[in-house]
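Student: One file: target-v4.txt (compact mmCIF, C-alpha atoms).
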# COMPACT_ATOMS: atom_id res chain seq x y z
CA MET A 1 -26.87 67.39 24.83
CA GLY A 2 -23.74 69.50 24.58
CA TYR A 3 -21.47 70.45 27.42
CA PHE A 4 -18.15 72.25 27.70
CA ALA A 5 -15.96 69.24 26.91
CA THR A 6 -17.75 68.53 23.63
CA TYR A 7 -17.29 72.14 22.49
CA THR A 8 -13.62 71.97 23.40
CA LEU A 9 -13.10 68.71 21.51
CA GLY A 10 -14.97 70.15 18.54
CA ASN A 11 -12.68 73.19 18.46
CA LEU A 12 -9.56 71.04 18.76
CA ASN A 13 -10.71 68.66 16.02
CA ALA A 14 -11.80 71.49 13.71
CA ALA A 15 -8.42 73.21 13.98
CA GLN A 16 -6.56 69.96 13.38
CA LEU A 17 -8.74 69.11 10.37
CA MET A 18 -8.25 72.59 8.89
CA ARG A 19 -4.50 72.24 9.31
CA ARG A 20 -4.62 68.91 7.44
CA ALA A 21 -6.88 70.37 4.74
CA ALA A 22 -4.44 73.27 4.26
CA LEU A 23 -1.58 70.79 3.82
CA ASP A 24 -3.57 68.75 1.31
CA LEU A 25 -4.91 71.82 -0.50
CA PRO A 26 -2.13 74.44 -0.82
CA ALA A 27 -4.45 77.07 -2.35
CA LEU A 28 -7.09 76.68 0.37
CA ASN A 29 -6.43 79.90 2.31
CA GLY A 30 -6.69 82.01 -0.83
CA GLU A 31 -9.89 80.26 -1.90
CA LEU A 32 -11.48 80.79 1.50
CA ALA A 33 -10.45 84.46 1.45
CA ARG A 34 -12.32 84.80 -1.86
CA GLY A 35 -15.39 83.06 -0.42
CA GLU A 36 -14.81 79.92 -2.47
CA TYR A 37 -15.71 76.88 -0.38
CA GLY A 38 -16.12 74.16 -3.01
CA VAL A 39 -12.65 72.66 -2.72
CA LEU A 40 -12.90 72.48 1.08
CA ARG A 41 -16.41 71.02 0.83
CA ASN A 42 -15.14 68.32 -1.52
CA TRP A 43 -12.20 67.56 0.79
CA LEU A 44 -14.59 67.22 3.74
CA ARG A 45 -16.89 64.96 1.73
CA GLU A 46 -14.00 62.68 0.76
CA LYS A 47 -12.19 62.62 4.11
CA ILE A 48 -15.04 62.94 6.62
CA HIS A 49 -18.63 62.91 5.40
CA ARG A 50 -18.56 59.81 3.21
CA HIS A 51 -17.60 57.68 6.18
CA GLY A 52 -20.76 58.49 8.15
CA LEU A 53 -20.69 56.52 11.39
CA ARG A 54 -18.13 53.97 10.15
CA TYR A 55 -15.44 55.28 12.53
CA ARG A 56 -15.48 56.61 16.04
CA PRO A 57 -14.19 60.19 16.32
CA ALA A 58 -10.73 59.22 17.59
CA GLU A 59 -10.27 56.72 14.76
CA LEU A 60 -11.49 59.21 12.16
CA MET A 61 -9.04 61.85 13.40
CA GLN A 62 -6.23 59.30 13.24
CA ASN A 63 -7.19 58.31 9.69
CA VAL A 64 -7.56 61.85 8.38
CA THR A 65 -4.83 63.74 10.22
CA GLY A 66 -2.36 60.97 11.01
CA GLY A 67 -2.63 61.41 14.76
CA PRO A 68 -4.97 61.68 17.72
CA THR A 69 -6.76 64.88 18.67
CA ARG A 70 -4.15 67.38 19.84
CA SER A 71 -4.27 70.96 21.07
CA ALA A 72 -1.40 72.22 18.87
CA GLY A 73 -3.52 73.25 15.88
CA HIS A 74 -6.02 75.16 17.99
CA LEU A 75 -3.29 76.86 20.01
CA GLU A 76 -1.57 77.92 16.79
CA TYR A 77 -4.84 79.38 15.52
CA LEU A 78 -5.40 81.29 18.78
CA ARG A 79 -1.84 82.66 18.80
CA LYS A 80 -2.22 83.96 15.24
CA LYS A 81 -5.65 85.40 15.94
CA PHE A 82 -4.76 87.26 19.13
CA ALA A 83 -1.13 88.11 18.41
CA ALA A 84 -2.16 89.95 15.24
CA GLY A 85 -4.18 92.51 17.18
Can you turn what I pasted into structure tokens?
Tutor:
Amino acid sequence: MGYFATYTLGNLNAAQLMRRAALDLPALNGELARGEYGVLRNWLREKIHRHGLRYRPAELMQNVTGGPTRSAGHLEYLRKKFAAG
């Protein structure tokens, strides 16, 4: 059952993972703009999906992004999204 905190953590983790993916895959933003998701899908399979339930979320975030869940990536996304308009 979901509740507010799980949605918030999901948003924070998603932003942090996308930031890491963009660092690992320099052409990612252009590919996504063209509707090409294969490279991101492969990155997710390698970094996240293949591990299944091997790691708890905090450990997985540490392994993939090099740090614990932080708000910085999500705040950066929100600033770009709302400052542009």
Student: Select all residues near (-6.8, 67.1, 16.9) (cut-off 7 Å, inclusive, file coordinates), counting all atoms listed in the file, and output them as a PyMOL selection string.
Tutor: chain A and resi 12-13+15-16+61+68-71
Student: Just to be explicit: take each residue in the selection above, keep C-alpha atoms, and write the result as a PDB file, keeping the file's coordinate frame.
Tutor:
ATOM      1  CA  LEU A  12      -9.560  71.040  18.760  1.00  0.00           C
ATOM      2  CA  ASN A  13     -10.710  68.660  16.020  1.00  0.00           C
ATOM      3  CA  ALA A  15      -8.420  73.210  13.980  1.00  0.00           C
ATOM      4  CA  GLN A  16      -6.560  69.960  13.380  1.00  0.00           C
ATOM      5  CA  MET A  61      -9.040  61.850  13.400  1.00  0.00           C
ATOM      6  CA  PRO A  68      -4.970  61.680  17.720  1.00  0.00           C
ATOM      7  CA  THR A  69      -6.760  64.880  18.670  1.00  0.00           C
ATOM      8  CA  ARG A  70      -4.150  67.380  19.840  1.00  0.00           C
ATOM      9  CA  SER A  71      -4.270  70.960  21.070  1.00  0.00           C
TER      10      SER A  71
END
Student: So, with all atoms listed in the file as the atoms that count, which of A:Arg19, A:Arg56, A:Arg41, A:Lys47 lies closest to Ala72 in chain A?
Tutor: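 The shortest atom-to-atom distance to Ala72 in chain A comes from A:Arg19.
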Student: Looking at A:Leu40, A:Pro57, A:Glu46, A:Lys80, which one is nearest to Leu23 in chain A, with distances taken over all atoms listed in the file?
Tutor: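 Among A:Leu40, A:Pro57, A:Glu46, A:Lys80, it is A:Leu40 that comes nearest to Leu23 in chain A.
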Student: Please, what distance in Å, to one decimal, runs between CA of Thr65 in chain A and CA of Ile48 in chain A?
Tutor: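 Computing it gives 10.9 Å between the two atoms.
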Student: May I ask for the distance between CA of His51 in chain A and CA of Gly30 in chain A, given in Å to one decimal place?
Tutor: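 Interatomic distance, CA of His51 in chain A to CA of Gly30 in chain A: 27.6 Å.
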Student: Would you compute the distance between CA of Glu36 in chain A and CA of Asp24 in chain A? Give it in Å to one decimal.
Tutor: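 Pair CA of Glu36 in chain A / CA of Asp24 in chain A returns 16.3 Å.
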Student: Using all atoms listed in the file, which residue out of A:Ala21, A:Gln62, A:Asn29, A:Arg54 lies closest to Asn42 in chain A?
Tutor: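 Among the listed residues, A:Ala21 lies closest to Asn42 in chain A.
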Student: Can you tell me, as JSON, the centre and edge lengths (Å, one decimal) of the axis-aligned box enclosing all of range 32-39 of chain A's listed atoms after padding each side by 5 Å?
Tutor:
{"center_x": -13.3, "center_y": 78.7, "center_z": -0.8, "size_x": 15.7, "size_y": 22.1, "size_z": 14.5}
Student: Measuring atom to atom with only C-alpha atoms, identify which of A:Tyr3, A:Leu78, A:Gly38, A:Gly10 is nearest to Ala58 in chain A.
Tutor: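 Using only C-alpha atoms, Ala58 in chain A sits closest to A:Gly10.
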Student: Export range 20-58 of chain A, N, CA and C atoms, as a tab-separated table (two decimals), in the first residue's frame; it's the structure right above.
Tutor:
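The file below, result-v7.tsv, is the result:
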chain	number	residue	atom	x	y	z
A	20	ARG	N	22.50	10.02	-12.47
A	20	ARG	CA	23.61	9.08	-12.63
A	20	ARG	C	23.63	8.51	-14.04
A	21	ALA	N	22.45	8.16	-14.56
A	21	ALA	CA	22.37	7.62	-15.92
A	21	ALA	C	22.89	8.64	-16.92
A	22	ALA	N	22.54	9.91	-16.74
A	22	ALA	CA	22.99	10.96	-17.66
A	22	ALA	C	24.51	11.13	-17.59
A	23	LEU	N	25.10	10.92	-16.42
A	23	LEU	CA	26.56	10.99	-16.31
A	23	LEU	C	27.21	9.81	-17.00
A	24	ASP	N	26.62	8.63	-16.85
A	24	ASP	CA	27.16	7.42	-17.46
A	24	ASP	C	26.92	7.37	-18.97
A	25	LEU	N	25.85	8.00	-19.41
A	25	LEU	CA	25.43	7.95	-20.82
A	25	LEU	C	25.31	9.38	-21.36
A	26	PRO	N	26.39	9.98	-21.81
A	26	PRO	CA	26.38	11.39	-22.22
A	26	PRO	C	25.35	11.74	-23.29
A	27	ALA	N	24.97	10.81	-24.14
A	27	ALA	CA	24.01	11.10	-25.21
A	27	ALA	C	22.56	10.83	-24.78
A	28	LEU	N	22.35	10.53	-23.51
A	28	LEU	CA	21.02	10.11	-23.05
A	28	LEU	C	19.93	11.14	-23.32
A	29	ASN	N	20.14	12.40	-23.00
A	29	ASN	CA	19.09	13.40	-23.17
A	29	ASN	C	18.64	13.51	-24.63
A	30	GLY	N	19.58	13.47	-25.55
A	30	GLY	CA	19.23	13.50	-26.96
A	30	GLY	C	18.44	12.27	-27.39
A	31	GLU	N	18.85	11.11	-26.90
A	31	GLU	CA	18.14	9.88	-27.23
A	31	GLU	C	16.71	9.92	-26.71
A	32	LEU	N	16.54	10.36	-25.47
A	32	LEU	CA	15.20	10.44	-24.90
A	32	LEU	C	14.34	11.44	-25.68
A	33	ALA	N	14.93	12.55	-26.09
A	33	ALA	CA	14.20	13.55	-26.87
A	33	ALA	C	13.71	12.98	-28.20
A	34	ARG	N	14.45	12.02	-28.75
A	34	ARG	CA	14.06	11.37	-30.01
A	34	ARG	C	13.17	10.16	-29.78
A	35	GLY	N	12.82	9.88	-28.51
A	35	GLY	CA	11.97	8.73	-28.20
A	35	GLY	C	12.71	7.41	-28.22
A	36	GLU	N	14.02	7.47	-28.08
A	36	GLU	CA	14.84	6.26	-28.07
A	36	GLU	C	15.17	5.90	-26.62
A	37	TYR	N	14.62	4.78	-26.16
A	37	TYR	CA	14.75	4.41	-24.76
A	37	TYR	C	15.64	3.19	-24.52
A	38	GLY	N	16.15	2.59	-25.58
A	38	GLY	CA	16.92	1.36	-25.46
A	38	GLY	C	18.16	1.48	-24.60
A	39	VAL	N	18.92	2.54	-24.76
A	39	VAL	CA	20.15	2.70	-23.99
A	39	VAL	C	19.82	2.86	-22.51
A	40	LEU	N	18.80	3.65	-22.18
A	40	LEU	CA	18.39	3.80	-20.79
A	40	LEU	C	17.89	2.47	-20.24
A	41	ARG	N	17.09	1.77	-21.01
A	41	ARG	CA	16.57	0.46	-20.58
A	41	ARG	C	17.73	-0.49	-20.26
A	42	ASN	N	18.73	-0.51	-21.12
A	42	ASN	CA	19.88	-1.38	-20.87
A	42	ASN	C	20.65	-0.96	-19.62
A	43	TRP	N	20.79	0.34	-19.41
A	43	TRP	CA	21.46	0.85	-18.21
A	43	TRP	C	20.69	0.42	-16.97
A	44	LEU	N	19.37	0.57	-17.00
A	44	LEU	CA	18.54	0.15	-15.87
A	44	LEU	C	18.64	-1.35	-15.62
A	45	ARG	N	18.64	-2.13	-16.68
A	45	ARG	CA	18.79	-3.59	-16.52
A	45	ARG	C	20.10	-3.93	-15.84
A	46	GLU	N	21.18	-3.30	-16.27
A	46	GLU	CA	22.51	-3.59	-15.73
A	46	GLU	C	22.66	-3.09	-14.29
A	47	LYS	N	22.21	-1.87	-14.02
A	47	LYS	CA	22.44	-1.25	-12.73
A	47	LYS	C	21.39	-1.58	-11.67
A	48	ILE	N	20.15	-1.80	-12.11
A	48	ILE	CA	19.04	-1.96	-11.16
A	48	ILE	C	18.38	-3.34	-11.27
A	49	HIS	N	17.77	-3.60	-12.42
A	49	HIS	CA	16.88	-4.75	-12.56
A	49	HIS	C	17.56	-6.09	-12.31
A	50	ARG	N	18.77	-6.27	-12.76
A	50	ARG	CA	19.41	-7.58	-12.63
A	50	ARG	C	19.66	-7.97	-11.18
A	51	HIS	N	19.63	-7.01	-10.28
A	51	HIS	CA	19.89	-7.30	-8.88
A	51	HIS	C	18.65	-7.79	-8.14
A	52	GLY	N	17.47	-7.60	-8.73
A	52	GLY	CA	16.25	-8.09	-8.08
A	52	GLY	C	16.15	-7.61	-6.64
A	53	LEU	N	15.97	-8.53	-5.72
A	53	LEU	CA	15.86	-8.18	-4.31
A	53	LEU	C	17.16	-8.40	-3.55
A	54	ARG	N	18.27	-8.43	-4.25
A	54	ARG	CA	19.58	-8.68	-3.62
A	54	ARG	C	19.93	-7.58	-2.62
A	55	TYR	N	19.58	-6.34	-2.94
A	55	TYR	CA	19.93	-5.21	-2.08
A	55	TYR	C	18.67	-4.49	-1.60
A	56	ARG	N	18.77	-3.95	-0.42
A	56	ARG	CA	17.71	-3.06	0.06
A	56	ARG	C	17.83	-1.74	-0.70
A	57	PRO	N	16.76	-0.96	-0.77
A	57	PRO	CA	16.80	0.28	-1.56
A	57	PRO	C	17.97	1.21	-1.22
A	58	ALA	N	18.25	1.42	0.05
A	58	ALA	CA	19.33	2.33	0.43
A	58	ALA	C	20.69	1.81	-0.07
